[in-house]
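J.: This is my_file-v6.tsv, which holds TSV, C-alpha atoms:
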```tsv
chain	number	residue	atom	x	y	z
A	1	ILE	CA	-1.40	-16.40	10.44
A	2	SER	CA	2.31	-15.83	10.11
A	3	GLY	CA	4.58	-13.08	8.93
A	4	MET	CA	5.56	-9.71	10.23
A	5	ILE	CA	2.96	-7.54	11.91
A	6	LEU	CA	3.86	-3.88	11.66
A	7	PRO	CA	3.71	-1.69	14.79
A	8	ASP	CA	1.46	0.88	13.05
A	9	LEU	CA	-0.94	-1.76	11.74
A	10	ASP	CA	-4.00	-0.44	13.60
A	11	ARG	CA	-3.43	3.13	12.33
A	12	ASN	CA	-3.13	2.17	8.67
A	13	TYR	CA	-5.40	-0.83	8.26
A	14	SER	CA	-8.80	-2.07	9.30
A	15	ILE	CA	-8.35	-4.79	11.88
A	16	ASP	CA	-11.64	-6.64	11.47
A	17	ALA	CA	-14.40	-7.23	8.93
A	18	GLU	CA	-16.77	-4.68	10.47
A	19	SER	CA	-14.31	-1.78	10.24
A	20	THR	CA	-13.36	-2.83	6.70
A	21	ILE	CA	-17.00	-2.89	5.64
A	22	GLU	CA	-17.51	0.53	7.20
A	23	ARG	CA	-14.41	1.95	5.51
A	24	PHE	CA	-15.61	0.86	2.05
A	25	SER	CA	-19.35	1.41	2.58
A	26	SER	CA	-19.53	4.38	0.20
A	27	PHE	CA	-18.13	2.30	-2.68
A	28	LYS	CA	-21.02	0.26	-4.06
A	29	GLU	CA	-18.72	-1.68	-6.42
A	30	VAL	CA	-16.70	-3.11	-3.49
A	31	SER	CA	-17.59	-6.40	-1.84
A	32	VAL	CA	-15.90	-7.46	1.38
A	33	ILE	CA	-15.46	-11.23	1.53
A	34	THR	CA	-14.30	-12.62	4.86
A	35	GLY	CA	-12.15	-15.70	5.21
A	36	THR	CA	-8.63	-16.84	4.65
A	37	VAL	CA	-6.49	-16.71	1.53
A	38	PRO	CA	-6.72	-18.78	-0.63
A	39	GLU	CA	-10.14	-19.91	0.65
A	40	VAL	CA	-11.90	-16.69	-0.37
A	41	LEU	CA	-10.33	-16.78	-3.84
A	42	THR	CA	-12.38	-19.86	-4.65
A	43	THR	CA	-15.67	-18.01	-4.02
A	44	PHE	CA	-15.62	-15.92	-7.20
A	45	ASP	CA	-14.44	-16.10	-10.82
A	46	THR	CA	-10.68	-15.67	-11.02
A	47	THR	CA	-10.18	-16.81	-14.60
A	48	GLU	CA	-8.22	-14.81	-17.16
A	49	ILE	CA	-6.36	-12.45	-14.86
A	50	SER	CA	-4.35	-9.71	-16.61
A	51	PHE	CA	-3.14	-7.77	-13.56
A	52	LEU	CA	-2.65	-8.95	-10.00
A	53	HIS	CA	-1.40	-6.72	-7.18
A	54	ILE	CA	-0.43	-8.63	-4.04
A	55	ASP	CA	-0.11	-6.69	-0.79
A	56	LEU	CA	-1.14	-8.85	2.17
A	57	ASN	CA	1.84	-8.21	4.44
A	58	THR	CA	2.17	-11.89	5.29
A	59	ALA	CA	4.23	-14.41	3.35
A	60	GLN	CA	1.96	-17.41	3.85
A	61	ALA	CA	-1.18	-15.73	2.50
A	62	GLU	CA	0.60	-14.01	-0.41
A	63	VAL	CA	2.25	-17.20	-1.65
A	64	ALA	CA	-0.89	-19.31	-1.16
A	65	GLY	CA	-2.94	-16.79	-3.16
A	66	LEU	CA	-0.43	-16.49	-5.98
A	67	LYS	CA	0.02	-20.26	-6.16
A	68	LEU	CA	-3.73	-20.70	-6.57
A	69	LEU	CA	-4.14	-17.89	-9.12
A	70	TYR	CA	-0.99	-18.39	-11.20
A	71	LYS	CA	-2.63	-20.85	-13.58
A	72	ASN	CA	-5.32	-18.26	-14.35
A	73	LEU	CA	-2.88	-15.51	-15.34
A	74	LYS	CA	-3.10	-14.74	-19.04
A	75	SER	CA	0.06	-14.75	-21.13
A	76	GLY	CA	1.70	-11.37	-20.57
A	77	ALA	CA	-0.14	-10.81	-17.27
A	78	ILE	CA	1.53	-8.53	-14.73
A	79	VAL	CA	1.90	-9.48	-11.06
A	80	LEU	CA	3.06	-6.74	-8.70
A	81	LEU	CA	4.39	-7.86	-5.32
A	82	ASP	CA	4.08	-4.77	-3.17
A	83	ASP	CA	6.72	-5.27	-0.47
A	84	TYR	CA	9.04	-7.73	-2.19
A	85	GLY	CA	12.32	-5.81	-1.80
A	86	PHE	CA	11.86	-4.18	1.59
A	87	PRO	CA	14.10	-5.47	4.42
A	88	ASN	CA	11.14	-5.67	6.83
A	89	PHE	CA	9.49	-8.21	4.49
A	90	ARG	CA	12.42	-10.61	4.07
A	91	GLU	CA	10.21	-13.63	4.89
A	92	SER	CA	7.87	-12.71	2.01
A	93	ARG	CA	10.75	-12.31	-0.44
A	94	ILE	CA	12.17	-15.71	0.45
A	95	ALA	CA	8.74	-17.36	0.13
A	96	HIS	CA	8.09	-15.68	-3.24
A	97	ASP	CA	11.55	-16.67	-4.50
A	98	GLU	CA	10.84	-20.29	-3.56
A	99	LEU	CA	7.47	-20.20	-5.35
A	100	ALA	CA	9.13	-18.69	-8.44
A	101	VAL	CA	11.51	-21.66	-8.62
A	102	GLU	CA	8.63	-24.10	-8.10
A	103	LEU	CA	6.41	-22.57	-10.82
A	104	GLY	CA	9.21	-21.55	-13.19
A	105	TYR	CA	9.15	-17.76	-13.40
A	106	GLU	CA	11.47	-14.91	-12.42
A	107	ILE	CA	10.84	-11.89	-10.22
A	108	LEU	CA	12.32	-8.51	-11.12
A	109	SER	CA	13.20	-6.49	-8.02
A	110	LEU	CA	12.20	-2.87	-8.67
A	111	PRO	CA	13.84	0.23	-7.11
A	112	THR	CA	10.46	0.97	-5.48
A	113	GLY	CA	10.84	-2.14	-3.31
A	114	GLN	CA	8.22	-3.99	-5.32
A	115	GLY	CA	8.65	-7.22	-7.26
A	116	LEU	CA	7.44	-7.61	-10.84
A	117	ILE	CA	6.42	-10.84	-12.53
A	118	ILE	CA	5.42	-11.01	-16.19
A	119	LYS	CA	3.90	-14.33	-17.21
```
Would you give me this structure, written as structure tokens?
T.:
Amino acid sequence: ISGMILPDLDRNYSIDAESTIERFSSFKEVSVITGTVPEVLTTFDTTEISFLHIDLNTAQAEVAGLKLLYKNLKSGAIVLLDDYGFPNFRESRIAHDELAVELGYEILSLPTGQGLIIK
């Protein structure tokens, strides 16, 4: 919906539900759920989360998902923000920093470019 679209997006990612379903078809434990974030997060049980890895490459979806799921993170839960420290994802970093202030947590910027939250 918003956020940076990378020039090599079509080489590295599926661009529609059909190609995603095909890519994961050999993994019987994987379910592809189509829709928007956070809409799809309300379609299954998200209680008692211990680890959450966020890598959506768009600030709006990442923040909306984390805002919805934050209350379900267990004490000591780890949240890994994949592209938090990379210059190409400045919009995401700003949005995550604003959410951190709103919800009252801190984000540790890792040398890998990721962000780490421990609830």
J.: Need the axis-aligned box for region 102-116 of chain A with 6 Å each side, so what are the centre and edges in Å to one decimal, as lines of an AutoDock Vina configuration file?
T.:
```
center_x = 10.1
center_y = -11.6
center_z = -8.4
size_x = 19.4
size_y = 37.1
size_z = 22.1
```
J.: When you look at Gly76 (chain A) with a cut-off of 10 Å (counting all atoms listed in the file), what residues show up, excluding the ones that are within fewer than 6 positions of it in the same chain? I need them as a ChimeraX atom specification.
T.: /A:49-51,117-119
J.: Rounded to one decimal in Å, what is the spacing between CA of Ala64 (chain A) and CA of Thr42 (chain A)?
T.: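 Distance reported for this atom pair: 12.0 Å.
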J.: Extract, using all atoms listed in the file, all DNA, RNA and protein residues at most 9 Å from Val32 (chain A), discarding same-chain residues fewer than 2 positions from it, and format them as a VMD selection string.
T.: chain A and resid 17 20 to 21 24 30 34
J.: What is the distance, in Å and to one decimal place, between CA of Asn88 (chain A) and CA of Leu73 (chain A)?
T.: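 So the answer is 28.0 Å.
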J.: Between A:Asp83, A:Leu68, A:Leu110, A:Asn57, which is the closest to Glu39 (chain A) once you count all atoms listed in the file?
T.: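 So, comparing all the options, the nearest one is A:Leu68.
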J.: Show which residues sit within 12 Å of Leu99 (chain A), as a CSV table (one decimal) with C-alpha atoms, keeping the file's coordinate frame. Count all atoms listed in the file, and ignore same-chain residues fewer than 6 positions away.
T.:
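Contents of the output file around-v9.csv:
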```csv
chain,number,residue,atom,x,y,z
A,59,ALA,CA,4.2,-14.4,3.4
A,60,GLN,CA,2.0,-17.4,3.8
A,62,GLU,CA,0.6,-14.0,-0.4
A,63,VAL,CA,2.2,-17.2,-1.6
A,64,ALA,CA,-0.9,-19.3,-1.2
A,65,GLY,CA,-2.9,-16.8,-3.2
A,66,LEU,CA,-0.4,-16.5,-6.0
A,67,LYS,CA,0.0,-20.3,-6.2
A,68,LEU,CA,-3.7,-20.7,-6.6
A,70,TYR,CA,-1.0,-18.4,-11.2
A,92,SER,CA,7.9,-12.7,2.0
A,93,ARG,CA,10.8,-12.3,-0.4
A,105,TYR,CA,9.2,-17.8,-13.4
A,106,GLU,CA,11.5,-14.9,-12.4
A,107,ILE,CA,10.8,-11.9,-10.2
A,117,ILE,CA,6.4,-10.8,-12.5
```
